[in-house]
file final_23.txt (compact mmCIF, C-alpha atoms)
# COMPACT_ATOMS: atom_id res chain seq x y z
CA MET A 295 -33.44 -35.16 -48.10
CA ARG A 296 -30.53 -32.80 -47.56
CA SER A 297 -31.07 -32.86 -43.81
CA LEU A 298 -31.08 -36.66 -43.84
CA LYS A 299 -27.85 -36.72 -45.84
CA SER A 300 -26.19 -34.22 -43.51
CA ALA A 301 -27.32 -36.26 -40.49
CA ASP A 302 -25.87 -39.43 -42.04
CA THR A 303 -22.64 -37.57 -42.81
CA ASN A 304 -22.39 -36.31 -39.22
CA GLN A 305 -23.04 -39.79 -37.82
CA SER A 306 -20.44 -41.40 -40.09
CA GLY A 307 -17.98 -38.65 -39.17
CA SER A 308 -18.55 -39.21 -35.44
CA ARG A 309 -18.11 -42.97 -35.89
CA LEU A 310 -14.87 -42.40 -37.78
CA GLY A 311 -13.66 -40.06 -35.04
CA ILE A 312 -14.40 -42.65 -32.37
CA LEU A 313 -12.62 -45.37 -34.35
CA LEU A 314 -9.55 -43.17 -34.85
CA ALA A 315 -9.43 -42.13 -31.20
CA PHE A 316 -10.06 -45.61 -29.77
CA PRO A 317 -6.53 -47.11 -30.16
CA SER A 318 -4.75 -44.16 -28.53
CA SER A 319 -7.42 -43.89 -25.84
CA LEU A 320 -7.04 -47.59 -25.08
CA VAL A 321 -3.26 -47.26 -24.78
CA VAL A 322 -3.57 -44.27 -22.44
CA PHE A 323 -6.20 -46.11 -20.39
CA ILE A 324 -3.97 -49.16 -20.02
CA ILE A 325 -0.91 -47.06 -19.13
CA ILE A 326 -2.87 -45.24 -16.44
CA MET A 327 -4.96 -48.10 -15.06
CA ILE A 328 -2.30 -50.80 -14.74
CA PRO A 329 -0.15 -48.82 -12.25
CA ILE A 330 -3.26 -47.77 -10.31
CA LEU A 331 -4.48 -51.39 -10.09
CA LEU A 332 -1.04 -52.53 -8.99
CA MET A 333 -0.92 -49.84 -6.32
CA PHE A 334 -4.38 -50.86 -5.17
CA ARG A 335 -3.27 -54.47 -4.76
CA TYR A 336 0.08 -53.62 -3.15
CA SER A 337 -1.58 -51.31 -0.63
CA PHE A 338 -3.19 -54.31 1.09
CA ASN A 339 0.05 -56.29 1.38
CA HIS A 340 2.28 -56.65 4.45
CA HIS A 341 5.59 -54.83 4.72
CA ASP A 342 8.58 -57.13 5.13
CA PRO A 343 12.05 -55.64 5.85
CA VAL A 344 13.71 -58.57 4.06
CA ASP A 345 11.41 -59.35 1.13
CA ILE A 346 10.04 -55.77 0.92
CA MET A 347 6.49 -57.06 0.67
CA ARG A 348 4.47 -60.16 1.53
CA GLU A 349 1.23 -61.06 -0.19
CA GLY A 350 -1.83 -60.69 1.98
CA PHE A 351 -4.86 -58.58 2.72
CA THR A 352 -4.60 -56.08 5.55
CA LEU A 353 -5.90 -52.60 6.25
CA ASP A 354 -2.91 -51.75 8.44
CA ASN A 355 -1.41 -49.39 5.85
CA TYR A 356 -4.58 -47.30 5.67
CA ILE A 357 -5.05 -47.42 9.43
CA LYS A 358 -1.48 -46.20 9.86
CA PHE A 359 -2.14 -43.23 7.56
CA PHE A 360 -5.37 -42.10 9.20
CA SER A 361 -4.17 -42.74 12.77
CA ASP A 362 -0.76 -41.06 12.40
CA ALA A 363 -0.92 -37.31 12.97
CA TYR A 364 2.23 -36.78 10.89
CA TYR A 365 0.78 -38.24 7.69
CA ARG A 366 -2.53 -36.50 8.25
CA GLY A 367 -0.60 -33.26 8.54
CA VAL A 368 1.31 -34.02 5.33
CA PHE A 369 -1.98 -34.60 3.50
CA LEU A 370 -3.55 -31.41 4.85
CA ASP A 371 -0.45 -29.39 3.96
CA THR A 372 -0.58 -30.81 0.44
CA LEU A 373 -4.26 -29.94 0.12
CA LYS A 374 -3.69 -26.44 1.45
CA ILE A 375 -0.69 -25.71 -0.80
CA ALA A 376 -2.54 -27.07 -3.86
CA ALA A 377 -5.65 -24.96 -3.12
CA ILE A 378 -3.60 -21.78 -2.61
CA CYS A 379 -1.54 -22.31 -5.77
CA THR A 380 -4.65 -23.08 -7.83
CA PHE A 381 -6.38 -19.93 -6.57
CA LEU A 382 -3.32 -17.76 -7.26
CA ALA A 383 -2.92 -19.25 -10.74
CA LEU A 384 -6.57 -18.51 -11.50
CA VAL A 385 -6.42 -14.93 -10.19
CA MET A 386 -3.18 -14.12 -12.02
CA GLY A 387 -3.88 -16.18 -15.12
CA PHE A 388 -7.39 -14.99 -15.95
CA PRO A 389 -6.39 -11.38 -16.83
CA VAL A 390 -3.55 -12.62 -19.04
CA ALA A 391 -5.81 -15.13 -20.80
CA TYR A 392 -8.48 -12.45 -21.19
CA PHE A 393 -5.96 -10.08 -22.76
CA LEU A 394 -4.64 -12.77 -25.14
CA ALA A 395 -8.18 -13.73 -26.17
CA LYS A 396 -9.20 -10.15 -26.96
CA THR A 397 -5.99 -8.79 -28.46
CA GLN A 398 -5.70 -8.54 -32.22
CA THR A 399 -2.04 -7.55 -32.33
CA LYS A 400 0.22 -9.18 -34.89
CA HIS A 401 2.57 -10.11 -32.05
CA LYS A 402 0.00 -12.41 -30.43
CA SER A 403 1.80 -15.55 -31.59
CA LEU A 404 5.03 -14.24 -30.06
CA LEU A 405 3.26 -13.64 -26.75
CA ILE A 406 1.93 -17.19 -26.75
CA ILE A 407 5.42 -18.54 -27.52
CA LEU A 408 6.81 -16.59 -24.57
CA LEU A 409 4.05 -18.06 -22.43
CA VAL A 410 4.80 -21.60 -23.55
CA PHE A 411 8.59 -21.21 -23.28
CA PRO A 412 8.77 -21.91 -19.50
CA LEU A 413 7.11 -25.28 -20.15
CA MET A 414 10.19 -26.28 -22.17
CA VAL A 415 12.36 -25.93 -19.07
CA GLY A 416 12.34 -28.76 -16.55
CA ASN A 417 10.85 -28.28 -13.10
CA VAL A 418 14.22 -28.93 -11.49
CA VAL A 419 15.87 -26.12 -13.47
CA ARG A 420 13.06 -23.69 -12.63
CA ALA A 421 13.21 -24.67 -8.97
CA ALA A 422 16.97 -24.10 -8.98
CA GLY A 423 16.33 -20.63 -10.37
CA TRP A 424 13.91 -19.87 -7.56
CA MET A 425 16.51 -21.09 -5.07
CA VAL A 426 18.83 -18.40 -6.37
CA VAL A 427 16.09 -15.78 -6.09
CA LEU A 428 14.82 -16.75 -2.64
CA GLY A 429 18.10 -17.62 -0.91
CA ASN A 430 19.53 -15.55 1.94
CA ALA A 431 21.90 -13.87 -0.50
CA GLY A 432 19.40 -14.03 -3.34
CA VAL A 433 17.70 -11.40 -5.44
CA ALA A 434 14.60 -11.08 -3.24
CA ASN A 435 16.52 -10.40 -0.03
CA SER A 436 18.91 -8.06 -1.83
CA ILE A 437 16.02 -5.95 -3.11
CA LEU A 438 14.33 -5.89 0.31
CA ILE A 439 17.55 -4.77 1.99
CA TRP A 440 18.27 -2.18 -0.73
CA THR A 441 14.79 -0.66 -0.34
CA GLY A 442 15.21 -0.52 3.45
CA LEU A 443 12.26 -2.80 4.21
CA ILE A 444 14.50 -5.19 6.15
CA ASP A 445 17.88 -4.85 7.88
CA GLN A 446 19.07 -8.41 7.44
CA PRO A 447 18.09 -11.34 5.19
CA ILE A 448 14.90 -13.16 6.07
CA LYS A 449 14.30 -16.84 5.53
CA LEU A 450 12.35 -17.29 2.30
CA LEU A 451 13.86 -20.52 1.03
CA TYR A 452 12.78 -23.85 2.57
CA THR A 453 9.44 -22.44 3.69
CA PRO A 454 5.83 -23.03 2.60
CA LEU A 455 5.92 -19.60 0.94
CA ALA A 456 8.75 -20.71 -1.33
CA VAL A 457 6.80 -23.83 -2.30
CA VAL A 458 3.71 -21.75 -3.09
CA ILE A 459 5.71 -19.30 -5.24
CA GLY A 460 7.57 -22.02 -7.12
CA THR A 461 4.54 -24.25 -7.68
CA THR A 462 2.37 -21.34 -8.83
CA ALA A 463 5.04 -20.34 -11.33
CA VAL A 464 5.09 -23.90 -12.70
CA VAL A 465 1.32 -24.26 -13.17
CA LEU A 466 0.49 -20.71 -14.25
CA PRO A 467 1.09 -21.28 -18.01
CA TYR A 468 -1.25 -24.29 -17.95
CA MET A 469 -4.02 -22.19 -16.43
CA ILE A 470 -3.52 -19.33 -18.90
CA LEU A 471 -3.52 -21.59 -21.97
CA THR A 472 -6.63 -23.46 -20.81
CA LEU A 473 -8.54 -20.26 -20.09
CA GLN A 474 -7.42 -18.60 -23.32
CA SER A 475 -8.75 -21.45 -25.47
CA VAL A 476 -12.19 -20.99 -23.91
CA LEU A 477 -12.22 -17.19 -23.83
CA GLU A 478 -11.41 -17.02 -27.54
CA GLY A 479 -14.74 -18.72 -28.23
CA ILE A 480 -16.71 -16.01 -26.43
CA ASP A 481 -18.62 -13.47 -28.49
CA PHE A 482 -17.31 -10.25 -26.95
CA THR A 483 -20.08 -8.25 -28.58
CA VAL A 484 -22.24 -9.40 -25.64
CA GLU A 485 -19.78 -7.65 -23.33
CA GLU A 486 -19.95 -4.49 -25.43
CA ALA A 487 -23.75 -4.62 -25.42
CA ALA A 488 -23.82 -4.83 -21.63
CA GLN A 489 -21.52 -1.82 -21.34
CA ASN A 490 -23.69 0.11 -23.80
CA LEU A 491 -26.68 -0.60 -21.53
CA GLY A 492 -24.89 1.00 -18.58
CA ALA A 493 -23.04 -1.88 -16.95
CA ASN A 494 -19.57 -1.00 -15.70
CA PHE A 495 -16.48 -3.13 -16.26
CA PHE A 496 -16.77 -5.13 -13.03
CA THR A 497 -20.48 -5.83 -13.48
CA THR A 498 -19.88 -6.96 -17.04
CA PHE A 499 -16.98 -9.16 -15.99
CA PHE A 500 -18.68 -10.89 -13.04
CA ARG A 501 -22.18 -11.13 -14.56
CA ILE A 502 -21.33 -11.99 -18.18
CA VAL A 503 -17.70 -12.86 -18.97
CA LEU A 504 -16.92 -14.99 -15.92
CA PRO A 505 -20.13 -17.12 -16.06
CA ILE A 506 -19.64 -17.77 -19.79
CA ALA A 507 -16.01 -18.73 -19.14
CA ALA A 508 -17.00 -21.11 -16.33
CA PRO A 509 -16.24 -24.30 -18.35
CA GLY A 510 -12.72 -23.04 -18.99
CA VAL A 511 -12.32 -22.07 -15.35
CA ALA A 512 -13.42 -25.56 -14.33
CA ALA A 513 -11.02 -27.26 -16.77
CA GLY A 514 -8.09 -25.04 -15.81
CA THR A 515 -8.78 -25.41 -12.10
CA MET A 516 -8.98 -29.19 -12.36
CA LEU A 517 -5.77 -29.45 -14.37
CA VAL A 518 -3.78 -27.09 -12.14
CA PHE A 519 -5.08 -28.62 -8.91
CA ILE A 520 -4.03 -32.09 -10.05
CA LEU A 521 -0.56 -30.82 -10.96
CA CYS A 522 -0.21 -29.07 -7.59
CA MET A 523 -1.33 -32.08 -5.58
CA ASN A 524 1.22 -34.30 -7.34
CA ALA A 525 4.14 -31.83 -7.36
CA TYR A 526 7.45 -33.41 -6.41
CA ALA A 527 10.57 -31.52 -7.55
CA THR A 528 9.42 -28.06 -6.43
CA PRO A 529 8.41 -29.04 -2.86
CA VAL A 530 11.63 -31.03 -2.40
CA LEU A 531 13.98 -28.30 -3.66
CA LEU A 532 12.18 -25.23 -2.33
CA GLY A 533 10.51 -26.69 0.74
CA GLY A 534 13.35 -28.78 2.10
CA SER A 535 12.58 -29.85 5.64
CA GLY A 536 10.28 -26.85 6.07
CA ILE A 537 7.31 -28.65 4.54
CA THR A 538 6.59 -32.17 3.32
CA MET A 539 3.98 -32.97 0.70
CA MET A 540 2.39 -36.25 -0.36
CA ALA A 541 4.43 -36.97 -3.50
CA PRO A 542 7.85 -36.67 -1.80
CA SER A 543 6.51 -38.57 1.20
CA LEU A 544 5.30 -41.58 -0.80
CA TYR A 545 8.51 -41.55 -2.84
CA GLY A 546 10.48 -41.73 0.38
CA GLN A 547 8.46 -44.72 1.56
CA ILE A 548 9.03 -46.63 -1.69
CA ALA A 549 12.57 -45.61 -2.68
CA LYS A 550 14.20 -45.03 0.72
CA ALA A 551 12.27 -47.03 3.31
CA SER A 552 11.44 -49.82 0.80
CA ASN A 553 7.94 -49.93 2.25
CA TRP A 554 6.09 -50.53 -1.00
CA ALA A 555 2.86 -51.46 0.73
CA PHE A 556 2.54 -48.23 2.72
CA GLY A 557 3.89 -46.17 -0.20
CA SER A 558 1.22 -47.68 -2.47
CA SER A 559 -1.49 -46.79 0.03
CA LEU A 560 -0.21 -43.20 0.15
CA ALA A 561 -0.19 -43.05 -3.65
CA LEU A 562 -3.73 -44.41 -3.89
CA ILE A 563 -5.00 -41.99 -1.24
CA LEU A 564 -3.35 -39.13 -3.15
CA VAL A 565 -4.94 -40.21 -6.47
CA ILE A 566 -8.43 -40.64 -4.98
CA ALA A 567 -8.32 -37.42 -2.97
CA THR A 568 -7.02 -35.43 -5.94
CA MET A 569 -9.71 -36.69 -8.29
CA MET A 570 -12.48 -36.19 -5.72
CA MET A 571 -11.46 -32.61 -4.97
CA ALA A 572 -10.95 -31.78 -8.65
CA LEU A 573 -14.32 -33.25 -9.65
CA PHE A 574 -16.04 -31.50 -6.76
CA SER A 575 -14.63 -28.10 -7.72
CA SER A 576 -15.56 -28.71 -11.36
CA TRP A 577 -19.09 -29.70 -10.34
CA MET A 578 -19.48 -26.56 -8.23
CA ILE A 579 -18.30 -24.32 -11.07
CA HIS A 580 -20.55 -26.02 -13.63
CA ARG A 581 -23.49 -25.83 -11.24
CA ARG A 582 -22.94 -22.10 -10.89
CA TYR A 583 -22.62 -21.85 -14.67
CA VAL A 584 -25.95 -23.63 -15.27
CA LYS A 585 -27.74 -21.43 -12.72
CA THR A 586 -26.33 -18.28 -14.29
CA MET A 587 -27.25 -19.33 -17.81
CA ALA A 588 -30.75 -20.33 -16.70
CA SER A 589 -31.36 -16.96 -15.07
call {"tool": "encode", "arguments": {"input": "final_23.txt", "output": "structure tokens"}}
result
Amino acid sequence: MRSLKSADTNQSGSRLGILLAFPSSLVVFIIIMIPILLMFRYSFNHHDPVDIMREGFTLDNYIKFFSDAYYRGVFLDTLKIAAICTFLALVMGFPVAYFLAKTQTKHKSLLIILLVFPLMVGNVVRAAGWMVVLGNAGVANSILIWTGLIDQPIKLLYTPLAVVIGTTAVVLPYMILTLQSVLEGIDFTVEEAAQNLGANFFTTFFRIVLPIAAPGVAAGTMLVFILCMNAYATPVLLGGSGITMMAPSLYGQIAKASNWAFGSSLALILVIATMMMALFSSWMIHRRYVKTMAS
């Protein structure tokens, strides 16, 4: 009888949760889907220099993207920058998240606040700070000259390297917070048991901790990759004319060239490609997780 009552309680609780979450989920769904559907429709229209856009159904916008080497290069550069920044955020963020998950210090809340603090500063302000650091007379060149590694300033600003550094700095807190929330749910006594049985730190990390944390890695990777693919302010301010990514490119088509049709096709291609790559990476990580848990 008690089990039946607890089952009924759980079912009623889940129904209540669904009912409470439905209105906000519906609003978010509408806010997201309406622009995507509009972009989908606009992407098949004709560009008109006078009226901006004429109703119709043409594949010219997509043909232009896939046949133009410039836009293919922009897409590949965006994909490459996003992959590099996601990898760097994962490599640098995992040790920090691991430390925060395991630490029992009373200053843990302060450390988390310091981690969240950069998120309170706009991307433009952070990018402006990196411009000061990476400029010809900036901090980075000054240190390199002072240490004798270089004789004269080297070009760091307005390069792909600057975009990678700035974008990684923006997305790193998101990766750390996502990983930390998952790592805190791990029973670290399993790690201690493996070390007691003779496993060293690296074996324990790669054979136990990392596979168990795979769902968090997948969630953090997906979130960060999406943010990197859609970055705008950082590539514009730090990349300049040295590199062009998809978000600034489609903005230029819509806001500057007034080519809403082609800009919509670029936006839709960016959305679809981002989701496909993010879902693929998540699927690969979860597949590895299932195999590891099964073995």
call {"tool": "residues_around", "arguments": {"input": "final_23.txt", "residues": "Ser436 of chain A", "least_positions_apart": "6", "cutoff": "10 Å", "atoms": "all atoms listed in the file", "output": "JSON, numbers by chain"}}
result
{"A": [427, 428, 429, 430, 442, 444, 446, 447]}
call {"tool": "atom_distance", "arguments": {"input": "final_23.txt", "atom1": "atom CA of Leu562 of chain A", "atom2": "atom CA of Ile520 of chain A"}}
result
13.8 Å
call {"tool": "atom_distance", "arguments": {"input": "final_23.txt", "atom1": "atom CA of Val385 of chain A", "atom2": "atom CA of Arg581 of chain A"}}
result
20.3 Å
call {"tool": "residues_around", "arguments": {"input": "final_23.txt", "residues": "Tyr468 of chain A", "least_positions_apart": "4", "cutoff": "12 Å", "atoms": "all atoms listed in the file", "output": "ChimeraX atom specification"}}
result
/A:380,383-384,386-388,390-391,406,409-413,461-464,472-475,510-511,513-522
call {"tool": "atom_distance", "arguments": {"input": "final_23.txt", "atom1": "atom CA of Tyr356 of chain A", "atom2": "atom CA of Gly536 of chain A"}}
result
25.3 Å
call {"tool": "residues_near_point", "arguments": {"input": "final_23.txt", "point": "(2.6, -37.6, -3.8)", "cutoff": "9 Å", "atoms": "only C-alpha atoms", "output": "list in words"}}
result
Thr372, Met523, Asn524, Ala525, Tyr526, Met539, Met540, Ala541, Pro542, Ser543, Leu544, Tyr545, Leu560, Ala561, Leu564 and Val565 of chain A
call {"tool": "residues_near_point", "arguments": {"input": "final_23.txt", "point": "(-10.2, -35.2, -0.6)", "cutoff": "12 Å", "atoms": "only C-alpha atoms", "output": "short mmCIF file (atom, residue, chain, number, x, y, z; two decimals) with C-alpha atoms, in the frame of the given file"}}
result
data_model
loop_
_atom_site.label_atom_id
_atom_site.label_comp_id
_atom_site.auth_asym_id
_atom_site.auth_seq_id
_atom_site.Cartn_x
_atom_site.Cartn_y
_atom_site.Cartn_z
CA ARG A 366 -2.53 -36.50 8.25
CA PHE A 369 -1.98 -34.60 3.50
CA LEU A 370 -3.55 -31.41 4.85
CA THR A 372 -0.58 -30.81 0.44
CA LEU A 373 -4.26 -29.94 0.12
CA LYS A 374 -3.69 -26.44 1.45
CA ALA A 376 -2.54 -27.07 -3.86
CA ALA A 377 -5.65 -24.96 -3.12
CA PHE A 519 -5.08 -28.62 -8.91
CA ILE A 520 -4.03 -32.09 -10.05
CA MET A 523 -1.33 -32.08 -5.58
CA LEU A 562 -3.73 -44.41 -3.89
CA ILE A 563 -5.00 -41.99 -1.24
CA LEU A 564 -3.35 -39.13 -3.15
CA VAL A 565 -4.94 -40.21 -6.47
CA ILE A 566 -8.43 -40.64 -4.98
CA ALA A 567 -8.32 -37.42 -2.97
CA THR A 568 -7.02 -35.43 -5.94
CA MET A 569 -9.71 -36.69 -8.29
CA MET A 570 -12.48 -36.19 -5.72
CA MET A 571 -11.46 -32.61 -4.97
CA ALA A 572 -10.95 -31.78 -8.65
CA LEU A 573 -14.32 -33.25 -9.65
CA PHE A 574 -16.04 -31.50 -6.76
CA SER A 575 -14.63 -28.10 -7.72
#
call {"tool": "residues_around", "arguments": {"input": "final_23.txt", "residues": "Lys358 of chain A", "least_positions_apart": "4", "cutoff": "12 Å", "atoms": "only C-alpha atoms", "output": "PDB file with C-alpha atoms, in the coordinates of the input"}}
result
ATOM      1  CA  SER A 337      -1.580 -51.310  -0.630  1.00  0.00           C
ATOM      2  CA  THR A 352      -4.600 -56.080   5.550  1.00  0.00           C
ATOM      3  CA  LEU A 353      -5.900 -52.600   6.250  1.00  0.00           C
ATOM      4  CA  ASP A 354      -2.910 -51.750   8.440  1.00  0.00           C
ATOM      5  CA  ASP A 362      -0.760 -41.060  12.400  1.00  0.00           C
ATOM      6  CA  ALA A 363      -0.920 -37.310  12.970  1.00  0.00           C
ATOM      7  CA  TYR A 364       2.230 -36.780  10.890  1.00  0.00           C
ATOM      8  CA  TYR A 365       0.780 -38.240   7.690  1.00  0.00           C
ATOM      9  CA  ARG A 366      -2.530 -36.500   8.250  1.00  0.00           C
ATOM     10  CA  ALA A 555       2.860 -51.460   0.730  1.00  0.00           C
ATOM     11  CA  PHE A 556       2.540 -48.230   2.720  1.00  0.00           C
ATOM     12  CA  GLY A 557       3.890 -46.170  -0.200  1.00  0.00           C
ATOM     13  CA  SER A 559      -1.490 -46.790   0.030  1.00  0.00           C
ATOM     14  CA  LEU A 560      -0.210 -43.200   0.150  1.00  0.00           C
TER      15      LEU A 560
END
call {"tool": "closest_atom_pairs", "arguments": {"input": "final_23.txt", "of": "segment 429-464 of chain A", "to": "segment 527-532 of chain A", "cutoff": "8 Å", "atoms": "all atoms listed in the file", "output": "JSON lines"}}
result
{"residue": "A:Leu451", "atom": "CA", "partner": "A:Leu532", "partner_atom": "CA", "distance": 6.0}
{"residue": "A:Tyr452", "atom": "CA", "partner": "A:Leu532", "partner_atom": "CA", "distance": 5.1}
{"residue": "A:Thr453", "atom": "CA", "partner": "A:Leu532", "partner_atom": "CA", "distance": 7.2}
{"residue": "A:Ala456", "atom": "CA", "partner": "A:Leu532", "partner_atom": "CA", "distance": 5.8}
{"residue": "A:Val457", "atom": "CA", "partner": "A:Pro529", "partner_atom": "CA", "distance": 5.5}
{"residue": "A:Gly460", "atom": "CA", "partner": "A:Thr528", "partner_atom": "CA", "distance": 6.4}
{"residue": "A:Thr461", "atom": "CA", "partner": "A:Thr528", "partner_atom": "CA", "distance": 6.3}
call {"tool": "closest_residue", "arguments": {"input": "final_23.txt", "among": "A:Leu408, A:Asp342, A:Leu450, A:Val503", "to": "Thr483 of chain A", "atoms": "all atoms listed in the file"}}
result
A:Val503
call {"tool": "closest_residue", "arguments": {"input": "final_23.txt", "among": "A:Phe499, A:Gly367, A:Arg348, A:Glu478", "to": "Gln398 of chain A", "atoms": "all atoms listed in the file"}}
result
A:Glu478
call {"tool": "closest_residue", "arguments": {"input": "final_23.txt", "among": "A:Met414, A:Ile439, A:Met327, A:Ile537", "to": "Leu455 of chain A", "atoms": "all atoms listed in the file"}}
result
A:Ile537
call {"tool": "decode", "arguments": {"input": "final_23.txt", "residues": "segment 474-485 of chain A", "atoms": "N, CA and C atoms", "output": "PDB file, in the first residue's frame"}}
result
ATOM      1  N   GLN A 474      31.104  21.635 -13.036  1.00  0.00           N
ATOM      2  CA  GLN A 474      31.090  21.568 -11.575  1.00  0.00           C
ATOM      3  C   GLN A 474      29.782  20.980 -11.059  1.00  0.00           C
ATOM      4  N   SER A 475      28.657  21.372 -11.664  1.00  0.00           N
ATOM      5  CA  SER A 475      27.360  20.867 -11.212  1.00  0.00           C
ATOM      6  C   SER A 475      27.257  19.360 -11.360  1.00  0.00           C
ATOM      7  N   VAL A 476      27.934  18.798 -12.358  1.00  0.00           N
ATOM      8  CA  VAL A 476      27.906  17.351 -12.559  1.00  0.00           C
ATOM      9  C   VAL A 476      28.928  16.658 -11.660  1.00  0.00           C
ATOM     10  N   LEU A 477      30.109  17.217 -11.550  1.00  0.00           N
ATOM     11  CA  LEU A 477      31.157  16.603 -10.741  1.00  0.00           C
ATOM     12  C   LEU A 477      30.791  16.551  -9.264  1.00  0.00           C
ATOM     13  N   GLU A 478      29.998  17.509  -8.808  1.00  0.00           N
ATOM     14  CA  GLU A 478      29.601  17.502  -7.399  1.00  0.00           C
ATOM     15  C   GLU A 478      28.691  16.329  -7.063  1.00  0.00           C
ATOM     16  N   GLY A 479      28.075  15.733  -8.085  1.00  0.00           N
ATOM     17  CA  GLY A 479      27.219  14.576  -7.858  1.00  0.00           C
ATOM     18  C   GLY A 479      27.960  13.253  -7.893  1.00  0.00           C
ATOM     19  N   ILE A 480      29.267  13.296  -8.123  1.00  0.00           N
ATOM     20  CA  ILE A 480      30.060  12.067  -8.190  1.00  0.00           C
ATOM     21  C   ILE A 480      30.460  11.630  -6.776  1.00  0.00           C
ATOM     22  N   ASP A 481      30.368  10.347  -6.540  1.00  0.00           N
ATOM     23  CA  ASP A 481      30.839   9.785  -5.277  1.00  0.00           C
ATOM     24  C   ASP A 481      32.346   9.567  -5.390  1.00  0.00           C
ATOM     25  N   PHE A 482      33.122  10.463  -4.793  1.00  0.00           N
ATOM     26  CA  PHE A 482      34.574  10.415  -4.932  1.00  0.00           C
ATOM     27  C   PHE A 482      35.218   9.287  -4.136  1.00  0.00           C
ATOM     28  N   THR A 483      34.405   8.552  -3.374  1.00  0.00           N
ATOM     29  CA  THR A 483      34.959   7.369  -2.708  1.00  0.00           C
ATOM     30  C   THR A 483      35.351   6.298  -3.724  1.00  0.00           C
ATOM     31  N   VAL A 484      34.684   6.300  -4.882  1.00  0.00           N
ATOM     32  CA  VAL A 484      35.062   5.371  -5.958  1.00  0.00           C
ATOM     33  C   VAL A 484      36.469   5.680  -6.435  1.00  0.00           C
ATOM     34  N   GLU A 485      36.793   6.954  -6.537  1.00  0.00           N
ATOM     35  CA  GLU A 485      38.142   7.369  -6.934  1.00  0.00           C
ATOM     36  C   GLU A 485      39.166   6.927  -5.898  1.00  0.00           C
TER      37      GLU A 485
END
